[in-house]
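Okay, upload-v5.cif now, which holds mmCIF, C-alpha atoms:
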data_final
#
loop_
_atom_site.group_PDB
_atom_site.id
_atom_site.type_symbol
_atom_site.label_atom_id
_atom_site.label_comp_id
_atom_site.auth_asym_id
_atom_site.auth_seq_id
_atom_site.Cartn_x
_atom_site.Cartn_y
_atom_site.Cartn_z
ATOM 1 C CA MET A 7 93.416 97.487 104.452
ATOM 2 C CA LYS A 8 96.184 99.518 106.097
ATOM 3 C CA LEU A 9 97.280 102.582 104.092
ATOM 4 C CA PRO A 10 101.053 102.793 103.589
ATOM 5 C CA SER A 11 102.916 105.683 105.252
ATOM 6 C CA ILE A 12 104.323 108.668 103.318
ATOM 7 C CA ARG A 13 107.808 107.230 103.786
ATOM 8 C CA THR A 14 106.700 103.919 102.257
ATOM 9 C CA LEU A 15 105.007 105.705 99.340
ATOM 10 C CA ARG A 16 108.212 107.674 98.705
ATOM 11 C CA LYS A 17 110.108 104.383 98.641
ATOM 12 C CA TYR A 18 107.665 102.930 96.102
ATOM 13 C CA HIS A 19 107.947 106.170 94.112
ATOM 14 C CA ARG A 20 111.715 105.733 93.963
ATOM 15 C CA ILE A 21 111.652 102.003 93.186
ATOM 16 C CA ALA A 22 109.111 102.314 90.360
ATOM 17 C CA ARG A 23 110.622 105.566 88.973
ATOM 18 C CA VAL A 24 107.157 107.093 88.887
ATOM 19 C CA GLY A 25 108.395 110.685 88.633
ATOM 20 C CA GLU A 26 109.783 110.326 85.115
ATOM 21 C CA ILE A 27 106.699 108.542 83.742
ATOM 22 C CA ALA A 28 104.217 110.826 85.509
ATOM 23 C CA ARG A 29 105.962 113.953 84.164
ATOM 24 C CA ARG A 30 105.794 112.602 80.638
ATOM 25 C CA TYR A 31 102.098 111.649 80.896
ATOM 26 C CA PHE A 32 101.206 114.937 82.564
ATOM 27 C CA ALA A 33 102.716 117.070 79.789
ATOM 28 C CA MET A 34 101.417 114.879 76.960
ATOM 29 C CA ASN A 35 97.865 114.638 78.268
ATOM 30 C CA ALA A 36 97.542 118.235 79.419
ATOM 31 C CA PHE A 37 98.577 119.205 75.869
ATOM 32 C CA ASP A 38 95.883 116.871 74.487
ATOM 33 C CA GLY A 39 93.323 118.397 76.833
ATOM 34 C CA VAL A 40 94.123 121.985 75.859
ATOM 35 C CA LEU A 41 94.119 121.276 72.121
ATOM 36 C CA THR A 42 90.850 119.343 72.347
ATOM 37 C CA ILE A 43 89.136 122.175 74.190
ATOM 38 C CA LEU A 44 90.656 124.665 71.759
ATOM 39 C CA GLY A 45 88.968 122.643 69.030
ATOM 40 C CA VAL A 46 85.659 122.857 70.928
ATOM 41 C CA LEU A 47 86.061 126.621 71.341
ATOM 42 C CA VAL A 48 87.001 127.180 67.693
ATOM 43 C CA GLY A 49 84.107 125.002 66.538
ATOM 44 C CA SER A 50 81.697 126.851 68.830
ATOM 45 C CA TRP A 51 82.938 130.266 67.668
ATOM 46 C CA PHE A 52 82.808 129.568 63.959
ATOM 47 C CA GLY A 53 79.636 127.501 64.390
ATOM 48 C CA ASN A 54 77.976 130.582 65.898
ATOM 49 C CA VAL A 55 77.284 129.033 69.300
ATOM 50 C CA ARG A 56 76.596 132.076 71.486
ATOM 51 C CA ASP A 57 75.121 130.413 74.538
ATOM 52 C CA ALA A 58 77.578 130.148 77.450
ATOM 53 C CA GLY A 59 75.687 127.177 78.899
ATOM 54 C CA ALA A 60 76.041 125.257 75.642
ATOM 55 C CA VAL A 61 79.806 125.899 75.502
ATOM 56 C CA VAL A 62 80.188 124.847 79.147
ATOM 57 C CA THR A 63 78.237 121.624 78.484
ATOM 58 C CA LEU A 64 80.322 120.843 75.404
ATOM 59 C CA GLY A 65 83.557 121.682 77.176
ATOM 60 C CA ILE A 66 82.859 119.794 80.408
ATOM 61 C CA ALA A 67 81.545 116.757 78.527
ATOM 62 C CA ALA A 68 84.733 116.707 76.444
ATOM 63 C CA SER A 69 86.832 117.176 79.623
ATOM 64 C CA PHE A 70 85.137 114.247 81.363
ATOM 65 C CA ALA A 71 85.556 112.043 78.314
ATOM 66 C CA MET A 72 89.267 112.854 78.195
ATOM 67 C CA GLY A 73 89.625 112.253 81.921
ATOM 68 C CA VAL A 74 87.914 108.865 81.845
ATOM 69 C CA SER A 75 89.761 107.849 78.689
ATOM 70 C CA GLY A 76 93.083 108.942 80.174
ATOM 71 C CA PHE A 77 92.529 107.117 83.465
ATOM 72 C CA TYR A 78 91.303 103.810 82.039
ATOM 73 C CA GLY A 79 93.711 103.782 79.128
ATOM 74 C CA ALA A 80 96.712 104.413 81.353
ATOM 75 C CA TYR A 81 95.490 101.971 84.016
ATOM 76 C CA MET A 82 95.085 99.052 81.606
ATOM 77 C CA THR A 83 98.326 99.791 79.749
ATOM 78 C CA GLU A 84 100.460 100.382 82.808
ATOM 79 C CA LYS A 85 99.025 97.333 84.627
ATOM 80 C CA ALA A 86 99.757 95.101 81.647
ATOM 81 C CA GLU A 87 103.318 96.397 81.207
ATOM 82 C CA ARG A 88 104.193 96.200 84.885
ATOM 83 C CA SER A 89 102.699 92.721 85.266
ATOM 84 C CA ARG A 90 104.835 91.594 82.367
ATOM 85 C CA SER A 91 108.006 93.150 83.857
ATOM 86 C CA LEU A 92 107.261 91.537 87.217
ATOM 87 C CA ALA A 93 106.700 88.134 85.609
ATOM 88 C CA GLU A 94 110.044 88.416 83.775
ATOM 89 C CA LEU A 95 111.771 89.325 87.020
ATOM 90 C CA GLU A 96 110.120 86.386 88.789
ATOM 91 C CA GLU A 97 111.660 84.098 86.155
ATOM 92 C CA SER A 98 115.098 85.384 87.158
ATOM 93 C CA THR A 99 114.615 85.390 90.936
ATOM 94 C CA LEU A 100 112.522 82.162 90.967
ATOM 95 C CA CYS A 101 110.176 83.540 93.609
ATOM 96 C CA ASN A 102 106.816 85.298 93.770
ATOM 97 C CA LEU A 103 107.292 89.066 93.893
ATOM 98 C CA ARG A 104 103.627 90.119 94.313
ATOM 99 C CA ASP A 105 103.851 90.750 98.043
ATOM 100 C CA THR A 106 107.264 92.452 97.987
ATOM 101 C CA ASP A 107 108.342 96.095 97.767
ATOM 102 C CA ILE A 108 108.748 95.855 94.021
ATOM 103 C CA GLY A 109 105.271 94.289 93.632
ATOM 104 C CA HIS A 110 103.640 97.003 95.754
ATOM 105 C CA ALA A 111 105.645 99.678 93.934
ATOM 106 C CA SER A 112 104.235 98.411 90.619
ATOM 107 C CA THR A 113 100.673 98.747 91.961
ATOM 108 C CA TYR A 114 101.426 102.212 93.319
ATOM 109 C CA ALA A 115 102.927 103.303 89.992
ATOM 110 C CA THR A 116 99.907 102.031 88.026
ATOM 111 C CA ILE A 117 97.475 103.987 90.214
ATOM 112 C CA VAL A 118 99.508 107.224 90.272
ATOM 113 C CA VAL A 119 100.203 107.236 86.544
ATOM 114 C CA SER A 120 96.509 106.541 85.798
ATOM 115 C CA LEU A 121 95.413 109.417 88.043
ATOM 116 C CA VAL A 122 97.870 111.788 86.380
ATOM 117 C CA ASP A 123 96.798 110.611 82.925
ATOM 118 C CA GLY A 124 93.125 111.155 83.762
ATOM 119 C CA PHE A 125 93.362 114.354 85.736
ATOM 120 C CA SER A 126 95.761 116.357 83.568
ATOM 121 C CA PRO A 127 93.625 116.654 80.388
ATOM 122 C CA PHE A 128 90.481 117.168 82.484
ATOM 123 C CA ALA A 129 92.013 119.982 84.515
ATOM 124 C CA ALA A 130 93.614 121.638 81.488
ATOM 125 C CA ALA A 131 90.271 121.613 79.625
ATOM 126 C CA VAL A 132 88.227 122.893 82.577
ATOM 127 C CA ILE A 133 90.656 125.787 83.109
ATOM 128 C CA ALA A 134 90.263 126.867 79.474
ATOM 129 C CA VAL A 135 86.452 126.646 79.632
ATOM 130 C CA SER A 136 86.190 128.417 83.014
ATOM 131 C CA PRO A 137 85.386 131.957 81.673
ATOM 132 C CA PHE A 138 82.044 130.585 80.440
ATOM 133 C CA PHE A 139 81.045 129.852 84.060
ATOM 134 C CA LEU A 140 80.664 133.643 84.295
ATOM 135 C CA GLY A 141 78.391 133.589 81.227
ATOM 136 C CA ASP A 142 75.650 135.489 83.096
ATOM 137 C CA ILE A 143 78.027 138.285 84.120
ATOM 138 C CA ILE A 144 80.307 138.887 81.129
ATOM 139 C CA PRO A 145 79.436 139.144 77.406
ATOM 140 C CA ILE A 146 79.801 135.893 75.450
ATOM 141 C CA GLU A 147 82.482 137.367 73.163
ATOM 142 C CA THR A 148 84.568 138.326 76.237
ATOM 143 C CA ALA A 149 84.191 134.781 77.532
ATOM 144 C CA PHE A 150 85.427 133.397 74.206
ATOM 145 C CA TYR A 151 88.451 135.757 74.108
ATOM 146 C CA ALA A 152 89.302 134.943 77.728
ATOM 147 C CA ALA A 153 88.981 131.200 77.050
ATOM 148 C CA PHE A 154 91.280 131.430 74.022
ATOM 149 C CA ALA A 155 93.762 133.483 76.050
ATOM 150 C CA LEU A 156 93.711 130.932 78.866
ATOM 151 C CA ALA A 157 94.193 128.043 76.440
ATOM 152 C CA PHE A 158 97.213 129.709 74.823
ATOM 153 C CA ALA A 159 98.582 130.654 78.227
ATOM 154 C CA GLU A 160 98.322 127.002 79.250
ATOM 155 C CA LEU A 161 100.119 125.897 76.087
ATOM 156 C CA PHE A 162 102.891 128.422 76.713
ATOM 157 C CA ALA A 163 103.198 127.328 80.354
ATOM 158 C CA LEU A 164 103.358 123.667 79.302
ATOM 159 C CA GLY A 165 106.075 124.494 76.792
ATOM 160 C CA MET A 166 108.071 126.331 79.454
ATOM 161 C CA TYR A 167 107.631 123.378 81.832
ATOM 162 C CA LEU A 168 108.994 120.984 79.195
ATOM 163 C CA GLY A 169 111.811 123.407 78.480
ATOM 164 C CA ALA A 170 112.674 123.486 82.179
ATOM 165 C CA ILE A 171 112.719 119.679 82.390
ATOM 166 C CA SER A 172 114.936 119.295 79.331
ATOM 167 C CA ARG A 173 117.056 122.326 80.340
ATOM 168 C CA ASP A 174 116.281 123.861 76.978
ATOM 169 C CA ARG A 175 115.282 127.476 76.236
ATOM 170 C CA MET A 176 111.990 127.775 78.087
ATOM 171 C CA VAL A 177 110.501 130.671 76.109
ATOM 172 C CA LEU A 178 111.283 129.002 72.775
ATOM 173 C CA SER A 179 109.729 125.791 74.039
ATOM 174 C CA GLY A 180 106.621 127.728 75.058
ATOM 175 C CA ILE A 181 106.395 129.373 71.631
ATOM 176 C CA LYS A 182 106.584 125.954 69.945
ATOM 177 C CA MET A 183 103.592 124.745 71.958
ATOM 178 C CA VAL A 184 101.614 127.914 71.192
ATOM 179 C CA THR A 185 102.303 127.313 67.477
ATOM 180 C CA ALA A 186 100.448 123.996 67.732
ATOM 181 C CA GLY A 187 97.480 125.860 69.158
ATOM 182 C CA LEU A 188 97.597 128.414 66.335
ATOM 183 C CA VAL A 189 97.555 125.576 63.784
ATOM 184 C CA CYS A 190 94.442 124.225 65.518
ATOM 185 C CA VAL A 191 92.726 127.630 65.329
ATOM 186 C CA ALA A 192 93.760 128.082 61.683
ATOM 187 C CA MET A 193 92.272 124.693 60.765
ATOM 188 C CA GLY A 194 89.057 125.637 62.572
ATOM 189 C CA TYR A 195 88.927 128.964 60.741
ATOM 190 C CA ALA A 196 89.449 127.226 57.384
ATOM 191 C CA LEU A 197 86.675 124.760 58.250
ATOM 192 C CA GLY A 198 84.345 127.587 59.272
ATOM 193 C CA ALA A 199 85.108 129.556 56.127
ATOM 194 C CA THR A 200 84.392 126.614 53.818
ATOM 195 C CA ALA A 201 81.254 125.402 55.660
ATOM 196 C CA MET B 18 119.718 78.681 124.127
ATOM 197 C CA SER B 19 122.688 80.379 122.464
ATOM 198 C CA LYS B 20 122.063 83.415 120.322
ATOM 199 C CA VAL B 21 123.136 84.015 116.726
ATOM 200 C CA ARG B 22 125.957 86.594 116.800
ATOM 201 C CA ARG B 23 127.110 86.555 113.185
ATOM 202 C CA LEU B 24 125.317 85.560 110.006
ATOM 203 C CA VAL B 25 126.603 85.467 106.428
ATOM 204 C CA LEU B 26 124.027 84.987 103.666
ATOM 205 C CA ASP B 27 124.171 84.572 99.900
ATOM 206 C CA VAL B 28 121.173 86.420 98.461
ATOM 207 C CA LEU B 29 119.772 86.972 94.965
ATOM 208 C CA LYS B 30 117.660 90.133 94.559
ATOM 209 C CA PRO B 31 116.258 92.457 91.897
ATOM 210 C CA HIS B 32 118.014 95.801 91.399
ATOM 211 C CA GLN B 33 115.242 97.662 93.176
ATOM 212 C CA PRO B 34 115.195 98.296 96.078
ATOM 213 C CA THR B 35 118.956 98.948 96.120
ATOM 214 C CA ILE B 36 121.452 97.338 98.514
ATOM 215 C CA LEU B 37 121.526 100.704 100.280
ATOM 216 C CA ASP B 38 117.832 100.416 101.200
ATOM 217 C CA LEU B 39 118.238 96.757 102.131
ATOM 218 C CA ALA B 40 121.286 97.403 104.318
ATOM 219 C CA VAL B 41 119.487 100.224 106.158
ATOM 220 C CA ARG B 42 116.468 98.013 106.843
ATOM 221 C CA LEU B 43 118.645 95.147 108.084
ATOM 222 C CA GLY B 44 120.656 97.529 110.246
ATOM 223 C CA ASP B 45 117.427 98.757 111.866
ATOM 224 C CA LEU B 46 116.507 95.277 113.090
ATOM 225 C CA GLU B 47 116.657 94.694 116.815
ATOM 226 C CA GLY B 48 119.662 92.590 117.766
ATOM 227 C CA VAL B 49 121.704 93.667 114.748
ATOM 228 C CA GLU B 50 124.585 95.992 115.505
ATOM 229 C CA GLY B 51 126.428 95.925 112.197
ATOM 230 C CA THR B 52 125.550 95.170 108.579
ATOM 231 C CA ASP B 53 127.789 94.659 105.565
ATOM 232 C CA VAL B 54 126.450 94.076 102.070
ATOM 233 C CA VAL B 55 128.770 93.297 99.158
ATOM 234 C CA LEU B 56 127.818 93.043 95.512
ATOM 235 C CA ASN B 57 129.231 89.853 93.984
ATOM 236 C CA GLU B 58 127.606 89.593 90.571
ATOM 237 C CA ILE B 59 125.158 91.612 88.535
ATOM 238 C CA ASP B 60 123.194 91.204 85.323
ATOM 239 C CA ASN B 61 120.507 93.307 83.682
ATOM 240 C CA LYS B 62 117.717 92.032 85.973
ATOM 241 C CA VAL B 63 119.156 90.738 89.262
ATOM 242 C CA GLU B 64 122.215 90.955 91.498
ATOM 243 C CA ASN B 65 123.916 88.472 93.775
ATOM 244 C CA ILE B 66 125.024 89.882 97.133
ATOM 245 C CA LYS B 67 126.714 88.702 100.337
ATOM 246 C CA ILE B 68 125.142 89.969 103.550
ATOM 247 C CA THR B 69 127.095 89.904 106.804
ATOM 248 C CA LEU B 70 125.296 90.710 110.020
ATOM 249 C CA GLU B 71 126.699 90.992 113.525
ATOM 250 C CA GLY B 72 124.953 91.704 116.770
ATOM 251 C CA PRO B 73 124.147 90.431 120.236
ATOM 252 C CA HIS B 74 121.080 88.421 119.118
ATOM 253 C CA ILE B 75 120.172 88.215 115.443
ATOM 254 C CA ASN B 76 116.673 86.938 114.673
ATOM 255 C CA PHE B 77 116.967 84.927 111.466
ATOM 256 C CA ASP B 78 113.198 84.969 110.788
ATOM 257 C CA GLU B 79 113.133 88.781 110.885
ATOM 258 C CA VAL B 80 116.189 88.964 108.620
ATOM 259 C CA ALA B 81 114.553 86.539 106.158
ATOM 260 C CA ALA B 82 111.323 88.569 106.204
ATOM 261 C CA VAL B 83 113.150 91.810 105.362
ATOM 262 C CA ILE B 84 115.025 90.117 102.515
ATOM 263 C CA GLN B 85 111.806 88.590 101.177
ATOM 264 C CA GLU B 86 109.914 91.906 101.362
ATOM 265 C CA SER B 87 112.732 93.465 99.333
ATOM 266 C CA GLY B 88 112.174 90.847 96.643
ATOM 267 C CA GLY B 89 115.295 88.851 97.495
ATOM 268 C CA SER B 90 115.753 85.136 98.059
ATOM 269 C CA ILE B 91 118.311 83.532 100.369
ATOM 270 C CA HIS B 92 120.339 81.084 98.295
ATOM 271 C CA SER B 93 122.441 79.837 101.186
ATOM 272 C CA ILE B 94 123.506 80.502 104.760
ATOM 273 C CA ASP B 95 127.274 80.621 104.306
ATOM 274 C CA LYS B 96 128.341 81.230 107.892
ATOM 275 C CA VAL B 97 126.811 81.297 111.360
ATOM 276 C CA SER B 98 128.447 82.202 114.649
ATOM 277 C CA THR B 99 126.696 81.726 117.962
ATOM 278 C CA GLY B 100 127.599 81.733 121.653
ATOM 279 C CA LYS B 101 128.884 84.224 124.161
ATOM 280 C CA GLU B 102 131.865 85.319 122.073
ATOM 281 C CA LEU B 103 132.714 85.478 118.375
ATOM 282 C CA ILE B 104 135.414 83.100 117.208
ATOM 283 C CA GLU B 105 136.977 82.500 113.802
ATOM 284 C CA GLU B 106 137.260 79.111 112.114
ATOM 285 C CA ALA B 107 140.219 77.020 113.230
ATOM 286 C CA ASN B 108 142.937 76.076 110.729
ATOM 287 C CA THR B 109 143.494 72.372 110.218
ATOM 288 C CA PRO B 110 146.172 70.494 108.247
ATOM 289 C CA GLN B 111 143.475 69.576 105.728
ATOM 290 C CA ASP B 112 142.873 73.287 105.023
ATOM 291 C CA ILE B 113 146.600 73.797 104.316
ATOM 292 C CA SER B 114 146.761 70.911 101.812
ATOM 293 C CA ALA B 115 143.494 71.996 100.151
ATOM 294 C CA ARG B 116 144.899 75.529 99.771
ATOM 295 C CA TRP B 117 148.059 74.083 98.164
ATOM 296 C CA MET B 118 145.957 72.079 95.692
ATOM 297 C CA ARG B 119 144.059 75.205 94.722
#
Write the structure described by the file as structure tokens, please.
Amino acid sequence: MKLPSIRTLRKYHRIARVGEIARRYFAMNAFDGVLTILGVLVGSWFGNVRDAGAVVTLGIAASFAMGVSGFYGAYMTEKAERSRSLAELEESTLCNLRDTDIGHASTYATIVVSLVDGFSPFAAAVIAVSPFFLGDIIPIETAFYAAFALAFAELFALGMYLGAISRDRMVLSGIKMVTAGLVCVAMGYALGATA
Amino acid sequence: MSKVRRLVLDVLKPHQPTILDLAVRLGDLEGVEGTDVVLNEIDNKVENIKITLEGPHINFDEVAAVIQESGGSIHSIDKVSTGKELIEEANTPQDISARWMR
């Protein structure tokens, strides 16, 4: 199978309007990834897990699960929606569109969106968990503080990114995302206090 | 064998790719010197366009392949001009009376 050129891929990107959808999925799923790993960190902290290896295992396992879920979920959903749109268009044009630019663009969009949906939560979670990879070098408490700091930094950066896209106040947008993270930590603290 | 010098097609296509992309691809074909694409009708899914091509030797199969790859379908070939020089249709008395009736 011949791989399409960069120029052809750009054309498919334009036809299928992948940029808009991919941006949306990236932000949404990276946010999911960070909050999930924040939950893992909060649970580990208040559950008195003080072994870096255990936190890494929990974190990476959660990251993989989110990645696989994101990829497959997006792939099946996007494929179904795009097949339906193509079928509706074929009713209007009265010809088979599978082997045309718009058919190939639909396939391209499905793959790209699925990859973004799978990779973004995985990457966001792994970044937050990364201080624990140095578990043999730094104290466990330092690793926890660094992981929390990274997670909140990611939330703030995501908020600023969304603010930039919507041409809204970036810092305010970042603060709103961080607030969601604080709610997550507060819930974890309340759970730990009552347990 | 005489070569096709001018071709006018009635085509139905989806909105994407745009007529800009289609016109560029048709203009890049060997034997095509000029391309004109006009939008006739449009609805929320498809658009009807008129494509005019001129050149020293237009290959209809290549033109049809480009249109098909872009998701379009040729509804009709409205005009063809072949030969060593381009000529316009000749007026006849029947044309004048038909125009009057319209």
Residue list for chain B near chain A as a VMD selection string, 12 Å, only C-alpha atoms: chain B and resid 28 to 35 38 to 39 59 to 65 82 to 92
Polymer residues at most 10 Å from (81.3, 130.3, 73.7) by all atoms listed in the file, as a count of residues only: 31
Given the PyMOL selection byres ((chain A and resi 34-40) around 8), the residues it picks as an MDAnalysis selection string: chainID A and resid 30:33 41:44 69 72 76 123 126:131 134 157 160:161 164
From B:Val97, B:Leu46, B:Ile66, B:Val54, residue lying nearest B:Asp78 [all atoms listed in the file]: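 Between B:Val97, B:Leu46, B:Ile66, B:Val54, the residue approaching B:Asp78 most closely is B:Leu46.
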8 Å contact set for B:Leu26, all atoms listed in the file, chain neighbours under 2 positions out, as a list in words: Leu24, Val28, Lys67, Ile68, Thr69, Ile91, His92, Ser93, Ile94, Asp95 and Lys96 of chain B
